[in-house]
$ cat coords_19.cif   # mmCIF, C-alpha atoms
data_entry
#
loop_
_atom_site.label_atom_id
_atom_site.label_comp_id
_atom_site.auth_asym_id
_atom_site.auth_seq_id
_atom_site.Cartn_x
_atom_site.Cartn_y
_atom_site.Cartn_z
CA MET A 189 -19.09 -65.69 -57.61
CA LYS A 190 -18.87 -63.72 -54.40
CA VAL A 191 -17.93 -64.54 -50.80
CA ASP A 192 -20.86 -64.46 -48.38
CA VAL A 193 -19.91 -63.47 -44.84
CA LEU A 194 -21.47 -64.77 -41.64
CA LEU A 195 -20.64 -63.02 -38.38
CA GLY A 196 -21.86 -62.09 -34.92
CA LEU A 197 -23.58 -58.77 -34.25
CA GLN A 198 -23.26 -58.62 -30.46
CA TRP A 199 -20.46 -59.57 -28.04
CA GLY A 200 -19.89 -63.06 -29.42
CA ASP A 201 -21.60 -66.34 -28.49
CA GLU A 202 -24.49 -65.58 -30.84
CA GLY A 203 -24.65 -69.10 -32.31
CA LYS A 204 -22.59 -68.63 -35.46
CA GLY A 205 -21.32 -72.21 -35.56
CA LYS A 206 -24.82 -73.64 -35.69
CA ILE A 207 -25.91 -71.41 -38.57
CA VAL A 208 -22.71 -72.11 -40.53
CA ASP A 209 -23.44 -75.81 -40.11
CA VAL A 210 -27.04 -75.30 -41.28
CA LEU A 211 -25.99 -73.25 -44.33
CA THR A 212 -22.95 -75.31 -45.32
CA PRO A 213 -24.85 -77.53 -47.84
CA GLN A 214 -25.29 -74.35 -49.92
CA TYR A 215 -21.51 -73.76 -50.09
CA ASP A 216 -18.40 -75.50 -51.39
CA ILE A 217 -15.93 -73.81 -49.02
CA ILE A 218 -16.19 -72.54 -45.43
CA ALA A 219 -13.36 -70.16 -44.47
CA ARG A 220 -12.49 -68.77 -41.02
CA PHE A 221 -11.05 -65.28 -41.42
CA GLN A 222 -9.95 -64.05 -37.97
CA GLY A 223 -9.61 -64.86 -34.30
CA GLY A 224 -8.14 -67.96 -32.77
CA PRO A 225 -8.87 -70.65 -30.19
CA ASN A 226 -10.63 -68.06 -28.02
CA ALA A 227 -13.62 -68.83 -30.25
CA GLY A 228 -16.06 -71.57 -29.25
CA HIS A 229 -18.47 -72.54 -32.03
CA THR A 230 -20.96 -75.08 -30.70
CA LEU A 231 -22.79 -77.50 -33.01
CA ILE A 232 -25.41 -80.01 -31.87
CA PHE A 233 -26.89 -82.72 -34.08
CA ASP A 234 -27.75 -86.42 -33.83
CA GLY A 235 -27.80 -86.03 -30.06
CA LYS A 236 -24.13 -85.04 -29.86
CA LYS A 237 -22.45 -81.74 -28.98
CA HIS A 238 -19.31 -80.56 -30.75
CA VAL A 239 -17.28 -77.43 -29.92
CA LEU A 240 -14.86 -76.05 -32.52
CA HIS A 241 -12.22 -73.46 -31.68
CA THR A 242 -10.14 -72.97 -34.85
CA ILE A 243 -11.40 -75.41 -37.46
CA PRO A 244 -14.29 -74.01 -39.55
CA SER A 245 -17.82 -75.16 -38.71
CA GLY A 246 -18.37 -76.78 -42.11
CA VAL A 247 -16.21 -79.72 -41.13
CA PHE A 248 -19.15 -82.02 -40.38
CA ARG A 249 -20.56 -81.79 -43.91
CA GLU A 250 -18.98 -84.36 -46.23
CA GLY A 251 -17.18 -82.91 -49.24
CA THR A 252 -17.04 -79.33 -47.96
CA GLN A 253 -13.61 -77.72 -48.03
CA ASN A 254 -12.61 -75.90 -44.84
CA VAL A 255 -10.06 -73.10 -44.92
CA VAL A 256 -8.24 -71.48 -41.99
CA GLY A 257 -7.40 -68.03 -43.34
CA ASN A 258 -4.37 -65.81 -42.91
CA GLY A 259 -6.24 -63.61 -40.40
CA VAL A 260 -6.53 -66.49 -37.93
CA VAL A 261 -3.96 -67.17 -35.19
CA ILE A 262 -3.29 -70.85 -34.49
CA ASP A 263 -2.12 -72.68 -31.38
CA PRO A 264 -0.69 -75.96 -32.75
CA VAL A 265 -1.44 -77.85 -29.52
CA ILE A 266 -5.09 -76.82 -29.46
CA PHE A 267 -5.35 -77.44 -33.21
CA LYS A 268 -3.97 -80.96 -32.83
CA ARG A 269 -6.32 -81.62 -29.92
CA GLU A 270 -9.26 -80.43 -32.00
CA ILE A 271 -8.37 -82.79 -34.85
CA THR A 272 -8.02 -85.66 -32.37
CA GLN A 273 -11.46 -84.98 -30.91
CA LEU A 274 -12.98 -84.93 -34.39
CA LEU A 275 -11.30 -88.24 -35.24
CA GLU A 276 -12.72 -89.73 -32.04
CA ALA A 277 -16.15 -88.49 -33.13
CA GLY A 278 -15.74 -90.34 -36.43
CA VAL A 279 -14.84 -87.31 -38.55
CA ASP A 280 -11.47 -86.97 -40.28
CA PRO A 281 -11.13 -83.27 -41.18
CA ARG A 282 -7.69 -83.51 -42.76
CA PRO A 283 -8.56 -84.38 -46.40
CA ASN A 284 -10.67 -81.22 -46.75
CA LEU A 285 -8.77 -78.94 -44.36
CA TYR A 286 -6.52 -76.18 -45.72
CA ILE A 287 -4.42 -73.74 -43.70
CA SER A 288 -3.01 -70.42 -44.85
CA ARG A 289 0.77 -70.17 -44.81
CA ARG A 290 0.32 -66.55 -43.74
CA ALA A 291 -1.62 -67.41 -40.56
CA HIS A 292 0.32 -66.61 -37.39
CA LEU A 293 1.28 -69.14 -34.73
CA ILE A 294 0.54 -68.77 -31.02
CA ALA A 295 3.73 -69.77 -29.23
CA PRO A 296 3.84 -71.03 -25.61
CA THR A 297 5.39 -67.72 -24.55
CA HIS A 298 2.45 -65.83 -26.08
CA ARG A 299 0.17 -67.59 -23.61
CA LEU A 300 2.53 -66.80 -20.75
CA LEU A 301 2.63 -63.13 -21.73
CA ASP A 302 -1.16 -63.06 -21.93
CA ALA A 303 -1.51 -64.48 -18.41
CA ALA A 304 1.21 -62.23 -16.96
CA SER A 305 -0.32 -59.10 -18.47
CA GLU A 306 -3.82 -59.96 -17.28
CA GLN A 307 -2.57 -60.73 -13.77
CA ALA A 308 -0.73 -57.41 -13.61
CA LYS A 309 -3.90 -55.47 -14.54
CA GLY A 310 -5.68 -56.56 -11.37
CA LYS A 311 -9.17 -55.07 -11.22
CA ALA A 312 -8.61 -53.42 -14.62
CA LYS A 313 -8.35 -56.79 -16.39
CA ILE A 314 -10.10 -57.03 -19.75
CA GLY A 315 -11.37 -60.60 -19.36
CA SER A 316 -8.89 -62.30 -21.67
CA THR A 317 -9.40 -66.01 -22.40
CA LEU A 318 -5.64 -66.37 -21.73
CA LYS A 319 -5.12 -68.19 -25.03
CA GLY A 320 -2.28 -65.90 -26.14
CA ILE A 321 -4.38 -64.19 -28.79
CA GLY A 322 -3.50 -60.56 -27.94
CA PRO A 323 0.28 -61.06 -27.70
CA THR A 324 0.25 -63.00 -30.99
CA TYR A 325 -1.53 -60.20 -32.84
CA MET A 326 0.85 -57.71 -31.19
CA ASP A 327 3.81 -59.59 -32.65
CA LYS A 328 2.03 -59.74 -36.00
CA THR A 329 1.64 -55.96 -36.17
CA GLY A 330 5.08 -55.49 -34.59
CA ARG A 331 6.57 -57.60 -37.41
CA ASN A 332 8.03 -60.16 -35.04
CA GLY A 333 5.49 -62.92 -35.66
CA LEU A 334 5.94 -66.58 -36.46
CA ARG A 335 3.80 -67.88 -39.33
CA VAL A 336 2.59 -71.28 -40.48
CA GLY A 337 4.73 -70.96 -43.60
CA ASP A 338 7.81 -70.70 -41.41
CA LEU A 339 7.28 -74.34 -40.38
CA THR A 340 8.42 -75.53 -43.82
CA SER A 341 10.77 -72.69 -44.72
CA GLY A 342 13.95 -74.15 -43.22
CA LYS A 343 14.22 -71.13 -40.94
CA PHE A 344 11.69 -72.14 -38.30
CA GLU A 345 14.14 -72.97 -35.51
CA GLU A 346 16.01 -69.69 -35.94
CA ARG A 347 12.84 -67.61 -35.97
CA TYR A 348 11.28 -69.48 -33.05
CA GLN A 349 14.35 -69.00 -30.87
CA ALA A 350 14.47 -65.27 -31.68
CA LEU A 351 10.82 -64.86 -30.67
CA ARG A 352 11.32 -66.99 -27.56
CA THR A 353 14.27 -64.85 -26.45
CA LYS A 354 12.29 -61.67 -26.97
CA HIS A 355 9.37 -62.99 -24.92
CA LEU A 356 11.56 -64.15 -22.04
CA GLY A 357 12.89 -60.62 -21.84
CA LEU A 358 9.36 -59.25 -21.65
CA LEU A 359 8.35 -61.79 -18.99
CA ALA A 360 11.21 -60.54 -16.83
CA GLN A 361 9.15 -57.36 -16.39
CA TYR A 362 6.63 -59.39 -14.34
CA PRO A 363 8.69 -60.55 -11.32
CA ASP A 364 5.60 -61.81 -9.48
CA PHE A 365 4.52 -64.05 -12.35
CA GLU A 366 5.66 -67.66 -12.06
CA TYR A 367 5.82 -70.00 -15.03
CA ASP A 368 7.39 -73.20 -16.34
CA LEU A 369 8.03 -72.89 -20.08
CA GLU A 370 9.90 -76.17 -20.43
CA SER A 371 6.87 -78.17 -19.26
CA VAL A 372 4.82 -77.11 -22.29
CA GLU A 373 7.42 -76.32 -24.95
CA ALA A 374 8.18 -79.88 -26.12
CA GLU A 375 4.48 -80.63 -26.71
CA TRP A 376 4.09 -77.37 -28.64
CA LEU A 377 7.10 -78.04 -30.89
CA ALA A 378 5.84 -81.55 -31.70
CA ALA A 379 2.35 -80.23 -32.50
CA ALA A 380 3.84 -77.45 -34.65
CA LYS A 381 5.75 -80.06 -36.66
CA GLU A 382 2.51 -81.98 -37.28
CA LEU A 383 0.73 -78.78 -38.28
CA GLY A 384 3.38 -78.19 -40.92
CA GLN A 385 2.52 -81.57 -42.48
CA LEU A 386 -1.11 -80.62 -43.17
CA GLN A 387 -2.31 -78.99 -46.41
CA LEU A 388 -0.78 -75.49 -46.42
CA ILE A 389 -2.05 -73.03 -49.03
CA ASP A 390 -1.97 -69.41 -50.10
CA THR A 391 -5.59 -68.50 -49.40
CA GLU A 392 -5.47 -65.40 -51.58
CA HIS A 393 -4.91 -67.60 -54.65
CA PHE A 394 -6.91 -70.61 -53.50
CA LEU A 395 -10.10 -68.67 -52.76
CA ASN A 396 -10.02 -66.27 -55.71
CA GLU A 397 -9.44 -69.14 -58.11
CA ALA A 398 -12.29 -71.06 -56.45
CA LEU A 399 -14.60 -68.08 -56.95
CA ASP A 400 -13.47 -67.74 -60.56
CA SER A 401 -14.39 -71.38 -61.13
CA GLY A 402 -17.91 -70.86 -59.78
CA LYS A 403 -17.50 -72.28 -56.28
CA ARG A 404 -19.53 -70.80 -53.42
CA VAL A 405 -17.61 -69.56 -50.38
CA LEU A 406 -18.89 -68.67 -46.91
CA ALA A 407 -16.56 -66.67 -44.64
CA GLU A 408 -17.06 -67.58 -40.98
CA GLY A 409 -16.37 -64.91 -38.37
CA ALA A 410 -15.48 -65.47 -34.73
CA GLN A 411 -16.32 -63.42 -31.62
CA GLY A 412 -18.74 -60.54 -32.37
CA THR A 413 -18.94 -57.01 -33.76
CA MET A 414 -18.77 -55.37 -30.33
CA LEU A 415 -15.41 -57.09 -29.78
CA ASP A 416 -13.88 -55.64 -32.95
CA ILE A 417 -10.52 -53.97 -32.29
CA ASP A 418 -11.65 -50.77 -34.07
CA PHE A 419 -15.44 -50.66 -33.62
CA GLY A 420 -15.98 -52.61 -30.41
CA THR A 421 -16.10 -51.49 -26.78
CA TYR A 422 -12.38 -50.73 -26.64
CA PRO A 423 -10.27 -51.70 -24.70
CA PHE A 424 -12.57 -54.57 -23.74
CA VAL A 425 -12.26 -56.14 -27.18
CA THR A 426 -10.42 -58.89 -29.01
CA SER A 427 -7.31 -58.20 -31.09
CA SER A 428 -8.69 -58.67 -34.60
CA ASN A 429 -11.27 -57.15 -36.94
CA THR A 430 -14.42 -59.19 -36.37
CA ILE A 431 -16.55 -57.16 -38.81
CA ALA A 432 -17.28 -57.99 -42.46
CA ALA A 433 -14.32 -55.94 -43.69
CA GLY A 434 -12.08 -58.35 -41.78
CA ALA A 435 -13.01 -61.08 -44.24
CA CYS A 436 -11.13 -59.22 -46.97
CA ASN A 437 -7.97 -58.85 -44.89
CA GLY A 438 -8.29 -62.28 -43.32
CA LEU A 439 -8.73 -64.26 -46.53
CA GLY A 440 -7.19 -62.19 -49.30
CA VAL A 441 -10.33 -61.30 -51.26
CA GLY A 442 -11.20 -57.82 -52.49
CA PRO A 443 -14.22 -55.79 -51.23
CA GLY A 444 -15.92 -56.21 -54.60
CA ARG A 445 -16.05 -59.97 -54.03
CA ILE A 446 -18.20 -59.73 -50.88
CA GLY A 447 -21.82 -60.78 -51.45
CA GLU A 448 -24.39 -61.39 -48.71
CA VAL A 449 -23.52 -60.37 -45.15
CA ILE A 450 -25.44 -62.58 -42.72
CA GLY A 451 -25.64 -61.11 -39.22
CA ILE A 452 -26.34 -63.41 -36.27
CA PHE A 453 -27.91 -62.06 -33.07
CA LYS A 454 -29.64 -63.44 -30.01
CA ALA A 455 -33.21 -62.41 -29.19
CA TYR A 456 -31.58 -60.94 -26.07
CA CYS A 457 -27.96 -59.97 -25.31
CA THR A 458 -25.04 -61.63 -23.55
CA ARG A 459 -21.44 -60.76 -22.85
CA VAL A 460 -18.48 -62.68 -21.38
CA GLY A 461 -15.72 -60.88 -19.49
CA SER A 462 -15.33 -57.23 -18.58
CA GLY A 463 -16.58 -54.14 -20.40
CA PRO A 464 -19.71 -52.01 -20.80
CA PHE A 465 -23.06 -53.69 -21.39
CA PRO A 466 -25.93 -51.13 -21.29
CA THR A 467 -28.87 -53.55 -21.04
CA GLU A 468 -27.28 -55.97 -18.56
CA LEU A 469 -29.65 -57.45 -15.97
CA LEU A 470 -28.05 -57.73 -12.55
CA ASP A 471 -31.05 -59.42 -10.96
CA GLU A 472 -33.06 -62.63 -10.88
CA THR A 473 -34.26 -62.07 -14.44
CA GLY A 474 -30.68 -62.01 -15.70
CA GLU A 475 -29.97 -65.20 -13.79
CA ALA A 476 -33.11 -66.81 -15.23
CA LEU A 477 -31.97 -65.94 -18.77
CA ARG A 478 -28.54 -67.40 -18.05
CA GLU A 479 -29.95 -70.69 -16.82
CA ALA A 480 -32.65 -71.00 -19.50
CA GLY A 481 -30.16 -70.21 -22.26
CA GLY A 482 -27.27 -72.26 -20.88
CA GLU A 483 -25.20 -69.10 -21.01
CA TYR A 484 -21.76 -70.37 -20.11
CA GLY A 485 -18.72 -69.88 -22.35
CA ALA A 486 -18.02 -72.72 -24.79
CA THR A 487 -14.29 -72.03 -24.51
CA THR A 488 -13.83 -70.96 -20.88
CA GLY A 489 -17.01 -72.12 -19.14
CA ARG A 490 -17.40 -68.65 -17.65
CA PRO A 491 -20.97 -67.52 -16.90
CA ARG A 492 -22.20 -65.00 -19.45
CA ARG A 493 -23.70 -61.69 -18.43
CA CYS A 494 -27.27 -61.42 -19.74
CA GLY A 495 -29.54 -58.52 -20.71
CA TRP A 496 -32.37 -57.44 -22.96
CA LEU A 497 -32.09 -56.91 -26.72
CA ASP A 498 -30.36 -53.60 -27.49
CA LEU A 499 -31.52 -52.15 -30.82
CA VAL A 500 -29.12 -49.20 -30.59
CA GLN A 501 -26.21 -51.62 -30.44
CA LEU A 502 -27.73 -53.93 -33.07
CA ARG A 503 -28.34 -51.06 -35.51
CA TYR A 504 -24.72 -49.96 -35.09
CA ALA A 505 -23.50 -53.50 -35.80
CA CYS A 506 -25.68 -53.81 -38.90
CA ARG A 507 -24.36 -50.49 -40.15
CA VAL A 508 -20.63 -51.14 -39.77
CA ASN A 509 -21.00 -54.60 -41.31
CA GLY A 510 -23.34 -53.75 -44.16
CA VAL A 511 -25.63 -56.59 -43.08
CA THR A 512 -28.04 -57.81 -45.77
CA GLN A 513 -29.91 -60.50 -43.80
CA LEU A 514 -30.37 -61.46 -40.16
CA ALA A 515 -30.61 -64.67 -38.16
CA MET A 516 -32.29 -64.51 -34.74
CA MET A 517 -31.03 -67.06 -32.24
CA LYS A 518 -32.46 -68.43 -28.98
CA ALA A 519 -36.01 -67.19 -29.42
CA ASP A 520 -37.00 -70.24 -27.36
CA VAL A 521 -35.19 -68.88 -24.29
CA LEU A 522 -37.61 -65.96 -24.04
CA SER A 523 -40.66 -68.24 -23.77
CA GLY A 524 -42.59 -67.56 -20.58
CA PHE A 525 -42.21 -63.80 -20.33
CA ASP A 526 -45.49 -61.84 -20.31
CA ALA A 527 -43.64 -58.76 -21.53
CA ILE A 528 -40.16 -58.46 -23.08
CA PRO A 529 -38.43 -55.08 -22.66
CA VAL A 530 -36.35 -53.96 -25.65
CA CYS A 531 -33.95 -51.01 -25.68
CA HIS A 532 -34.90 -48.67 -28.53
CA ALA A 533 -32.75 -45.64 -27.60
CA TYR A 534 -30.20 -44.23 -25.15
CA GLU A 535 -30.26 -41.12 -23.05
CA HIS A 536 -26.86 -39.62 -23.72
CA ALA A 537 -25.45 -36.15 -22.97
CA GLY A 538 -28.89 -34.79 -22.16
CA ALA A 539 -30.53 -36.04 -25.37
CA THR A 540 -32.17 -39.17 -26.76
CA THR A 541 -30.21 -40.99 -29.44
CA ALA A 542 -30.68 -44.09 -31.56
CA ASN A 543 -27.00 -44.07 -32.56
CA LEU A 544 -24.31 -45.78 -30.51
CA PRO A 545 -22.04 -43.09 -28.99
CA PHE A 546 -18.28 -43.26 -28.44
CA GLY A 547 -18.69 -44.33 -24.81
CA ILE A 548 -21.44 -46.59 -23.43
CA GLU A 549 -20.36 -46.99 -19.81
CA PRO A 550 -23.15 -46.75 -17.18
CA ASP A 551 -22.27 -43.12 -16.40
CA GLU A 552 -22.45 -42.23 -20.11
CA VAL A 553 -25.69 -43.79 -21.36
CA THR A 554 -29.04 -44.86 -19.95
CA PRO A 555 -31.08 -47.27 -22.08
CA THR A 556 -34.77 -46.53 -22.61
CA TYR A 557 -37.10 -49.48 -23.03
CA SER A 558 -40.40 -50.37 -24.63
CA ASP A 559 -42.27 -53.52 -23.63
CA HIS A 560 -43.21 -56.04 -26.28
CA LYS A 561 -45.73 -58.82 -25.76
CA GLY A 562 -44.06 -62.09 -24.87
CA TRP A 563 -44.98 -65.66 -25.74
CA GLN A 564 -45.66 -68.60 -23.46
CA GLU A 565 -45.36 -71.44 -25.95
CA ASP A 566 -42.51 -73.96 -25.90
CA LEU A 567 -40.83 -73.30 -29.26
CA THR A 568 -38.35 -76.17 -29.24
CA GLY A 569 -40.64 -78.47 -31.22
CA VAL A 570 -41.78 -75.89 -33.78
CA THR A 571 -40.71 -76.79 -37.31
CA THR A 572 -42.50 -74.25 -39.53
CA VAL A 573 -42.84 -70.50 -39.73
CA GLU A 574 -46.60 -70.92 -39.31
CA GLY A 575 -46.04 -72.69 -36.01
CA LEU A 576 -44.42 -69.68 -34.38
CA PRO A 577 -46.67 -67.69 -31.99
CA VAL A 578 -48.15 -64.40 -33.17
CA SER A 579 -46.27 -62.40 -30.55
CA LEU A 580 -42.95 -63.79 -31.80
CA HIS A 581 -43.92 -62.87 -35.36
CA ASP A 582 -44.54 -59.36 -34.02
CA TYR A 583 -41.18 -59.33 -32.23
CA ILE A 584 -39.41 -60.34 -35.44
CA ALA A 585 -41.34 -57.73 -37.44
CA MET A 586 -40.32 -55.08 -34.91
CA VAL A 587 -36.63 -55.96 -35.41
CA GLU A 588 -37.02 -55.94 -39.19
CA LYS A 589 -38.70 -52.53 -39.12
CA GLU A 590 -36.02 -51.04 -36.86
CA MET A 591 -33.08 -52.53 -38.78
CA LYS A 592 -34.66 -52.35 -42.26
CA ILE A 593 -33.18 -55.82 -42.84
CA PRO A 594 -35.05 -59.13 -43.20
CA VAL A 595 -34.78 -61.84 -40.55
CA LYS A 596 -34.25 -64.94 -42.69
CA VAL A 597 -33.55 -67.50 -39.93
CA VAL A 598 -35.11 -68.10 -36.51
CA SER A 599 -33.47 -70.60 -34.15
CA VAL A 600 -35.73 -72.33 -31.61
CA GLY A 601 -33.22 -74.65 -29.96
CA PRO A 602 -29.56 -75.71 -30.02
CA ASP A 603 -29.90 -78.65 -32.42
CA ARG A 604 -29.24 -78.35 -36.13
CA ALA A 605 -32.85 -79.39 -36.78
CA GLN A 606 -34.29 -76.64 -34.56
CA THR A 607 -33.82 -73.99 -37.23
CA ILE A 608 -36.61 -72.29 -39.15
CA GLN A 609 -35.79 -70.54 -42.42
CA ARG A 610 -38.21 -67.78 -43.35
#
$ encode --input "coords_19.cif" --output "structure tokens"
Amino acid sequence: MKVDVLLGLQWGDEGKGKIVDVLTPQYDIIARFQGGPNAGHTLIFDGKKHVLHTIPSGVFREGTQNVVGNGVVIDPVIFKREITQLLEAGVDPRPNLYISRRAHLIAPTHRLLDAASEQAKGKAKIGSTLKGIGPTYMDKTGRNGLRVGDLTSGKFEERYQALRTKHLGLLAQYPDFEYDLESVEAEWLAAAKELGQLQLIDTEHFLNEALDSGKRVLAEGAQGTMLDIDFGTYPFVTSSNTIAAGACNGLGVGPGRIGEVIGIFKAYCTRVGSGPFPTELLDETGEALREAGGEYGATTGRPRRCGWLDLVQLRYACRVNGVTQLAMMKADVLSGFDAIPVCHAYEHAGATTANLPFGIEPDEVTPTYSDHKGWQEDLTGVTTVEGLPVSLHDYIAMVEKEMKIPVKVVSVGPDRAQTIQR
């Protein structure tokens, strides 16, 4: 068997959690492979809304195993809070929840360093969620990190104190930043102890043996392709590899074990935080998209920037991920537009290009648009492919022709049931 990968093709917030939830009955294991509690995967079903930050989105399907891979960074306090919220919702994730010993821990001082660094940047801030993600990955690559396996190694206290001392030295470089470590440290240490009592595994063995035994695995990505540390809009990116290749590093499976790559994209574009966004709408239309789509961050509540679909960006994302099938989200939000502009190319360096260049700031590229016929129908009650309006069929066909990849799923609302599989 092979690992199928599901990930976002834009700047995050594409609706990955919903599609993982919809597809989970086809899989035995759902495995998160990167990112941390900066993710916000929203699932709606039976009239209830659930937001997951670290725990995989397969947790609501009985019998499915959920794996937090080595590429994920974990804040024990947020993780404990997430488990508590699930228990209150009538779901006990613990029997089918497995955590990689190699996953790194977000310490309280990582969050402080994140906030201090962002504050010091002033107007040049990158829009961090202030969850400590960046500093944690910096310690990982700097070989100073604290891992889940350290919780049960007998050396946790020694390693935690060494990291704490290092961070306090770094915080001294920000004299204007005020903090109170002691007020949060006790809660973190208690939560870390509880985390160490959950089912800890070596994902590289667990997943490969599962595949060898015929089990089906879906790797769940967080954030989006344009936030990838290597291929995103650097430096306005996250600190991990959000693309399909990250599933290999983040779970311990070889490239030859990757099967389908399912790319999720909105019928338009959004972005949270700072950074270039070529098709952004800074007018009433952008505001209308935000309100119609409920475009506010699931993790931070920040309003999302909105713009038209960018096929140059989408083609780039499909290429670097090796996408084999697409899922279009929020088609219902575009209902009511007579015409829907779509960016098919950029003007860049005096020429027209369909390839994403190195820089896409406003002074580097100008998007060129073509109008596509809109649809007026309310899609939220549509349950079949045949029920979709002709103009939406044409919109989907246009994307398929441009990407040379089939659109297998169309979402027409936030609920699990509002999903049409083509």
$ resolve_selection --input "coords_19.cif" --expression "the PyMOL selection byres ((chain A and resi 293-309) around 6)" --output "PyMOL selection string"
chain A and resi 261-263+292+310+312-313+318-320+323-324+334-335+365
$ resolve_selection --input "coords_19.cif" --expression "the PyMOL selection byres ((chain A and resi 468) around 6)" --output "NGL selection string"
:A and (465-467 or 469 or 494-495)
$ write_last_selection --input "coords_19.cif" --atoms "C-alpha atoms" --output "CSV table (one decimal), in the frame of the given file"
chain,number,residue,atom,x,y,z
A,465,PHE,CA,-23.1,-53.7,-21.4
A,466,PRO,CA,-25.9,-51.1,-21.3
A,467,THR,CA,-28.9,-53.6,-21.0
A,469,LEU,CA,-29.6,-57.4,-16.0
A,494,CYS,CA,-27.3,-61.4,-19.7
A,495,GLY,CA,-29.5,-58.5,-20.7
$ closest_residue --input "coords_19.cif" --among "A:Pro423, A:Pro555, A:Pro594, A:Pro491" --to "Asp201 (chain A)" --atoms "all atoms listed in the file"
A:Pro491
$ closest_residue --input "coords_19.cif" --among "A:Met591, A:Ala585, A:Ile266, A:Ile287" --to "Pro225 (chain A)" --atoms "only C-alpha atoms"
A:Ile266
$ closest_atom_pairs --input "coords_19.cif" --of "region 204-269 of chain A" --to "region 404-411 of chain A" --cutoff "7 Å" --atoms "all atoms listed in the file" --output "Markdown table"
| residue | atom | partner | partner_atom | distance |
| --- | --- | --- | --- | --- |
| A:Tyr215 | CA | A:Arg404 | CA | 4.9 |
| A:Asp216 | CA | A:Arg404 | CA | 5.2 |
| A:Ile217 | CA | A:Val405 | CA | 4.8 |
| A:Ile218 | CA | A:Leu406 | CA | 4.9 |
| A:Ala219 | CA | A:Ala407 | CA | 4.7 |
| A:Arg220 | CA | A:Glu408 | CA | 4.7 |
| A:Phe221 | CA | A:Gly409 | CA | 6.1 |
| A:Gln222 | CA | A:Gly409 | CA | 6.5 |
| A:Gly223 | CA | A:Ala410 | CA | 5.9 |
| A:Ala227 | CA | A:Ala410 | CA | 5.9 |
